[in-house]
Amino acid sequence: MRGTSSKNSSVPRRIFRACAGFVLTIFAGGCLTATMVRLSPGFSADEELLDARLNQESQAALRATHNAERSIAAFYFRSLTNILRGDFGYSRSMQRPVRELLAARLPVTIRLIGIGLAGAWLLGVSMAAFVVLRRGPISRGLAGAIMGLLLSVPSGVLALIIYYQGGPVQCLIALVLFPKIFQYVRNVLAHAGRLPHVLAARARGLGIGRVFLRHVVPASLPQVLALAGVSVSMAISAAIPVEVICDLPGIGQLAWKAALSRDLPLLVNLTFFIVVVTQLGNLLSDCAGAVFTRRGL
Amino acid sequence: MKRIRGILAALLLAVALIALFPKVITQAPYDRQFREAAGCPPSLRFPLGTDDLGRDRLSRLLYGTRLSLLLASASALASTLLASLVGAAAGYIGGWCDRMVMRAIDLTLSLPWLFVLITARALLPLNVSPLLSVAITFALLALVGWASPARVVRAAVREMRDSDVLVQAKAAGCRGPRLIALHILPQLKPVMAAQFCTAVPIFILSEANLSLLGVGVAEPLPSWGNLLRDIQNQPSLTGGVLAPLILLVVVIGCFQVVFSVEDLHS
């Protein structure tokens with residue numbers, strides 16, 4: 001996880017580096033996607049060319065459009081400038097502008113992911129704190145069994161079971177993410193609990209709750225914040241099978257439909273959009289980590 | 001704990017052996033359709049019943065287990081080898097190469113895993129033969145799953161870069177790819193083994209999710225993901241339908257306990 005390195009650099013410098021990394025990663029991610037899409041089999045094939053009603057001039061015009069996209073650099077530059085202008089292109093499979101599709105589906109995904117992340121963090125952190133503070137074999141074993149079971153079931157199957165049994169589908173992402181967050185936070189808290197200054201505080205007779213809040217939590221905060229950024233990406237990943245199986249019209253379902261119909265322009269834009277969202281999550285968690293580390297929290 | 005691990009390791013081995021030799025338990029081919037017995041409940045002839053097309057669920061489960069386990073293991077092996085090469089090169093060379101590899105790792109790890117797999121799968125032809133779909137799924141998992149192990153390998157190589165062994169090897173004139181192949185990679189075996197064991201359950205779950213969404217292993221080849229799709233078509237969750245899920249949970253659970261991440265890293 002990022003966030004704990006270069007403790008001695010100044011906060012503005014670390015934030016600047018994180019922002020520069022954000023911009024570079026987005027450009028690299030966009031370039032990689034554009035290259036993969038451009039090189040994918042059947043990219044330049046167009047069903048319209050098979051239309052017998054088109055005369056030679058129309059067919060030549062269509063081919064000329066594809067020839068302009070032949071160079072990867074030109075294709076990427078055109079895609080990028082269009083996106084920056086707010087033009088996300090047109091979805092062939094959905095027969096609608098991508099911008100409209102995103103606007104219609106984004107609220108569903110934001111709500112689903114928001115509830116999922118809030119629930120997963122609340123459950124994961126509170127359970128991890130409970131297990132670390134209790135240190136009993138029963139609480140540890142019970143938590144291990146529950147997490148092991150949840151981690152062993154594919155998110156799609158969890159969605160199927162809950163959906164068909166009439167359970168709350170909005171909580172599915174929380175169920176998928178919570179064991180991962182629990183495991184990581186528990187390990188971080190347990191490691192922080194073994195730090196020399198924490199042991200010294202315990203030896204001087206400070207209460208377990210006070211030691212936890214004043215020493216263990218601040219020591220583990222940068223690493224936990226780093227996970228916060230990554231958890232956005234995990235939530236988007238979990239949203240795909242959940243939205244597909246529970247028939248929720250969100251971004252995950254759109255990505256799946258675009259993949260099944262090989263709607264490459266839609267996939268390029270979706271990938272760019274998701275790269276921006278996940279990198280933004282990482283950037284915010286990096287910045288928060290830099291600020292909290294500097295404050296010595 | 002050691003005893004429990006031993007029992008679970010034996011269970012894992014038993015599942016692997018049964019999956020490798022399914023004909024010991026069932027004679028029915030996985031794609032044979034018993035039309036007179038379609039949708040049959042569990043019986044002596046079909047211990048787990050039959051699906052809507054009349055195919056023996058037990059036979060499909062055993063062959064599916066074989067395919068899923070082999071696919072995940074092969075992909076994990078390929079991705080670990082790829083990660084070792086990339087991570088070792090980045091850790092050893094350092095400088096701009098290291099920075100570029102780390103940026104690529106950051107990018108790959110920050111992207112939603114399932115989204116990347118689905119997008120990469122969509123870039124390839126979708127209407128392919130079942131065997132080709134297996135090969136594509138294998139290649140996808142191997143190519144997308146390199147980032148996390150590469151980061152661990154790179155860290156290990158950076159730690160050993162200034163070790164006495166490598167300094168002596170360099171003094172003896174061993175450099176570049178030869179140094180990586182002869183001296184660095186052999187020392188990375190424990191790290192690579194740990195990464196392989198961590199990757200197998202992740203790849204099993206990824207294959208299940210991909211096939212569940214219809215972009216993984218294609219029918220009529222059975223895999224755990226394909227078999228789990230039956231839950232969608234069956235309103236009542238009977239033993240035959242739930243058997244793949246139970247086996248999947250048992251195998252992943254065994255992996256988690258037998259190859260515990262904390263122990264592997266220590």
# chains A, B, ... in the order shown; residues from 1 in each chain; ligands from 1
call {"tool": "interface_residues", "arguments": {"of": "chain B", "to": "chain A", "cutoff": "6 Å", "atoms": "only C-alpha atoms", "output": "MDAnalysis selection string"}}
result
chainID B and resid 111:112 114:115 122:123 205 209 249 252
call {"tool": "write_last_selection", "arguments": {"atoms": "N, CA and C atoms", "output": "short mmCIF file (atom, residue, chain, number, x, y, z; two decimals), in the first residue's frame"}}
result
data_model
loop_
_atom_site.label_atom_id
_atom_site.label_comp_id
_atom_site.auth_asym_id
_atom_site.auth_seq_id
_atom_site.Cartn_x
_atom_site.Cartn_y
_atom_site.Cartn_z
N LEU B 111 -7.00 -0.55 -10.83
CA LEU B 111 -8.19 -0.77 -11.66
C LEU B 111 -9.01 -1.93 -11.12
N PRO B 112 -10.34 -1.84 -11.26
CA PRO B 112 -11.18 -2.96 -10.81
C PRO B 112 -10.84 -4.23 -11.58
N LEU B 114 -12.23 -7.22 -12.00
CA LEU B 114 -13.22 -7.87 -12.86
C LEU B 114 -13.50 -7.02 -14.10
N PHE B 115 -13.48 -5.72 -13.93
CA PHE B 115 -13.71 -4.82 -15.07
C PHE B 115 -12.59 -4.99 -16.11
N ALA B 122 -13.49 -8.69 -23.89
CA ALA B 122 -14.33 -8.14 -24.96
C ALA B 122 -13.50 -7.75 -26.17
N LEU B 123 -12.22 -7.47 -25.96
CA LEU B 123 -11.38 -7.06 -27.09
C LEU B 123 -11.06 -8.24 -28.00
N LEU B 205 -11.82 -18.02 -8.10
CA LEU B 205 -12.98 -17.15 -7.93
C LEU B 205 -13.20 -16.28 -9.16
N ASN B 209 -16.51 -16.12 -11.49
CA ASN B 209 -17.25 -14.89 -11.78
C ASN B 209 -17.36 -14.64 -13.27
N VAL B 249 -16.47 -23.63 -2.07
CA VAL B 249 -16.23 -23.03 -0.75
C VAL B 249 -15.23 -23.90 0.04
N ILE B 252 -11.65 -23.46 -1.58
CA ILE B 252 -11.05 -22.14 -1.28
C ILE B 252 -10.75 -22.04 0.22
#
call {"tool": "select_by_dssp", "arguments": {"residues": "region 50-170 of chain A", "states": "strand (DSSP E)", "output": "list in words"}}
result
Tyr90, Ser91, Arg96 and Pro97 of chain A
call {"tool": "residues_around", "arguments": {"residues": "region 10-25 of chain B", "least_positions_apart": "2", "cutoff": "10 Å", "atoms": "only C-alpha atoms", "output": "MDAnalysis selection string"}}
result
chainID B and resid 4:8 27:29 58:70 247 250:255 258
call {"tool": "write_last_selection", "arguments": {"atoms": "C-alpha atoms", "output": "compact mmCIF listing (two decimals), in the first residue's frame"}}
result
# COMPACT_ATOMS: atom_id res chain seq x y z
CA ILE B 4 -6.19 -29.30 11.15
CA ARG B 5 -3.93 -28.09 8.37
CA GLY B 6 -2.81 -31.63 7.68
CA ILE B 7 -6.43 -32.84 7.44
CA LEU B 8 -7.40 -29.97 5.14
CA GLN B 27 -18.52 -43.28 -16.38
CA ALA B 28 -20.87 -40.75 -17.96
CA PRO B 29 -19.18 -38.18 -20.20
CA LEU B 58 -21.89 -35.45 -10.85
CA SER B 59 -19.93 -36.03 -14.04
CA ARG B 60 -20.05 -32.34 -14.90
CA LEU B 61 -19.00 -31.42 -11.38
CA LEU B 62 -15.95 -33.70 -11.48
CA TYR B 63 -14.85 -32.60 -14.94
CA GLY B 64 -15.61 -28.99 -14.02
CA THR B 65 -13.49 -29.29 -10.88
CA ARG B 66 -10.63 -30.60 -12.97
CA LEU B 67 -10.92 -27.77 -15.46
CA SER B 68 -11.24 -25.03 -12.83
CA LEU B 69 -8.36 -26.31 -10.71
CA LEU B 70 -6.06 -26.85 -13.69
CA LEU B 247 -17.12 -27.81 -3.30
CA VAL B 250 -14.51 -26.13 0.68
CA VAL B 251 -11.57 -25.90 -1.75
CA ILE B 252 -11.05 -22.14 -1.28
CA GLY B 253 -11.45 -22.54 2.49
CA CYS B 254 -8.83 -25.32 2.49
CA PHE B 255 -6.49 -23.12 0.44
CA VAL B 258 -3.41 -24.61 4.43
call {"tool": "residues_around", "arguments": {"residues": "Ala104 (chain A)", "least_positions_apart": "3", "cutoff": "10 Å", "atoms": "only C-alpha atoms", "output": "PyMOL selection string"}}
result
chain A and resi 98-101+107-108+249-251
call {"tool": "residues_around", "arguments": {"residues": "Gly39 (chain B)", "least_positions_apart": "2", "cutoff": "12 Å", "atoms": "only C-alpha atoms", "output": "short mmCIF file (atom, residue, chain, number, x, y, z; two decimals) with C-alpha atoms, in the first residue's frame"}}
result
data_model
loop_
_atom_site.label_atom_id
_atom_site.label_comp_id
_atom_site.auth_asym_id
_atom_site.auth_seq_id
_atom_site.Cartn_x
_atom_site.Cartn_y
_atom_site.Cartn_z
CA GLN B 33 -27.45 -35.88 -22.70
CA PHE B 34 -29.82 -38.44 -21.16
CA ARG B 35 -32.90 -37.03 -22.82
CA GLU B 36 -35.25 -39.43 -21.04
CA ALA B 37 -33.97 -38.18 -17.65
CA PRO B 41 -33.63 -35.39 -8.98
CA PRO B 42 -30.76 -37.23 -7.24
CA SER B 43 -31.01 -41.02 -7.59
CA PHE B 46 -27.47 -39.97 -11.01
CA LEU B 48 -26.55 -35.42 -7.98
CA GLY B 49 -29.39 -35.57 -10.51
CA THR B 50 -29.33 -34.22 -14.06
CA ASP B 51 -29.61 -30.71 -15.49
CA ASP B 52 -32.24 -29.38 -17.88
CA LEU B 53 -30.48 -31.01 -20.84
CA GLY B 54 -30.25 -34.37 -19.10
CA ARG B 55 -26.52 -34.20 -18.38
CA ASP B 56 -25.21 -35.98 -15.28
CA ARG B 57 -24.48 -33.31 -12.67
CA ASP B 230 -27.59 -23.30 -12.79
CA ASN B 233 -32.31 -21.36 -13.52
CA GLN B 234 -33.38 -23.40 -10.51
CA THR B 238 -31.33 -28.59 -4.18
CA GLY B 240 -27.26 -31.13 -7.03
CA VAL B 241 -27.42 -27.43 -7.85
#
call {"tool": "atom_distance", "arguments": {"atom1": "CA of Asp106 (chain B)", "atom2": "CA of Pro149 (chain B)"}}
result
12.3 Å
call {"tool": "select_by_dssp", "arguments": {"residues": "region 14-105 of chain B", "states": "alpha helix (DSSP H)", "output": "PyMOL selection string"}}
result
chain B and resi 14-20+57-93+95-105
call {"tool": "write_last_selection", "arguments": {"atoms": "C-alpha atoms", "output": "compact mmCIF listing (two decimals), in the first residue's frame"}}
result
# COMPACT_ATOMS: atom_id res chain seq x y z
CA ALA B 14 -8.25 -35.90 -2.42
CA VAL B 15 -10.36 -33.38 -4.35
CA ALA B 16 -7.49 -32.81 -6.78
CA LEU B 17 -6.99 -36.56 -7.31
CA ILE B 18 -10.70 -37.22 -7.84
CA ALA B 19 -10.83 -34.31 -10.26
CA LEU B 20 -7.84 -35.63 -12.17
CA ARG B 57 -24.48 -33.31 -12.67
CA LEU B 58 -21.89 -35.45 -10.85
CA SER B 59 -19.93 -36.03 -14.04
CA ARG B 60 -20.05 -32.34 -14.90
CA LEU B 61 -19.00 -31.42 -11.38
CA LEU B 62 -15.95 -33.70 -11.48
CA TYR B 63 -14.85 -32.60 -14.94
CA GLY B 64 -15.61 -28.99 -14.02
CA THR B 65 -13.49 -29.29 -10.88
CA ARG B 66 -10.63 -30.60 -12.97
CA LEU B 67 -10.92 -27.77 -15.46
CA SER B 68 -11.24 -25.03 -12.83
CA LEU B 69 -8.36 -26.31 -10.71
CA LEU B 70 -6.06 -26.85 -13.69
CA LEU B 71 -6.97 -23.52 -15.26
CA ALA B 72 -6.41 -21.60 -12.02
CA SER B 73 -3.15 -23.40 -11.25
CA ALA B 74 -1.78 -22.94 -14.77
CA SER B 75 -2.75 -19.26 -14.81
CA ALA B 76 -1.26 -18.74 -11.35
CA LEU B 77 1.97 -20.41 -12.47
CA ALA B 78 2.19 -18.31 -15.64
CA SER B 79 1.39 -15.05 -13.84
CA THR B 80 3.90 -15.85 -11.08
CA LEU B 81 6.63 -16.53 -13.64
CA LEU B 82 5.77 -13.36 -15.53
CA ALA B 83 5.70 -11.38 -12.27
CA SER B 84 9.06 -12.85 -11.25
CA LEU B 85 10.70 -11.79 -14.48
CA VAL B 86 9.21 -8.29 -14.43
CA GLY B 87 9.73 -7.80 -10.68
CA ALA B 88 13.28 -9.17 -10.74
CA ALA B 89 14.24 -6.97 -13.70
CA ALA B 90 12.71 -3.86 -12.08
CA GLY B 91 14.27 -4.54 -8.70
CA TYR B 92 17.68 -5.35 -10.13
CA ILE B 93 17.95 -2.64 -12.79
CA GLY B 95 16.11 3.68 -11.94
CA TRP B 96 13.68 4.52 -14.74
CA CYS B 97 12.89 0.85 -15.38
CA ASP B 98 11.86 0.40 -11.76
CA ARG B 99 9.78 3.59 -11.81
CA MET B 100 7.98 2.57 -14.99
CA VAL B 101 7.24 -0.91 -13.71
CA MET B 102 5.99 0.48 -10.40
CA ARG B 103 3.70 2.93 -12.22
CA ALA B 104 2.36 0.06 -14.36
CA ILE B 105 1.81 -2.01 -11.19
call {"tool": "residues_around", "arguments": {"residues": "Lys189 (chain B)", "least_positions_apart": "6", "cutoff": "12 Å", "atoms": "only C-alpha atoms", "output": "PyMOL selection string"}}
result
chain B and resi 80-81+84+153+156-157+181+183+195-196+264
call {"tool": "atom_distance", "arguments": {"atom1": "CA of Arg14 (chain A)", "atom2": "CA of Arg154 (chain B)"}}
result
22.8 Å
call {"tool": "atom_distance", "arguments": {"atom1": "CA of Leu102 (chain A)", "atom2": "CA of Asn127 (chain B)"}}
result
27.5 Å
call {"tool": "residues_around", "arguments": {"residues": "Leu221 (chain A)", "least_positions_apart": "2", "cutoff": "10 Å", "atoms": "only C-alpha atoms", "output": "list of chain:residue names"}}
result
A:Gly3, A:Thr4, A:Val185, A:Val188, A:Leu189, A:Ala192, A:Val216, A:Val217, A:Pro218, A:Ala219, A:Gln223, A:Val224, A:Leu225, A:Ala226, A:Leu227, A:Ala288, A:Gly289, A:Phe292, A:Thr293, A:Leu297
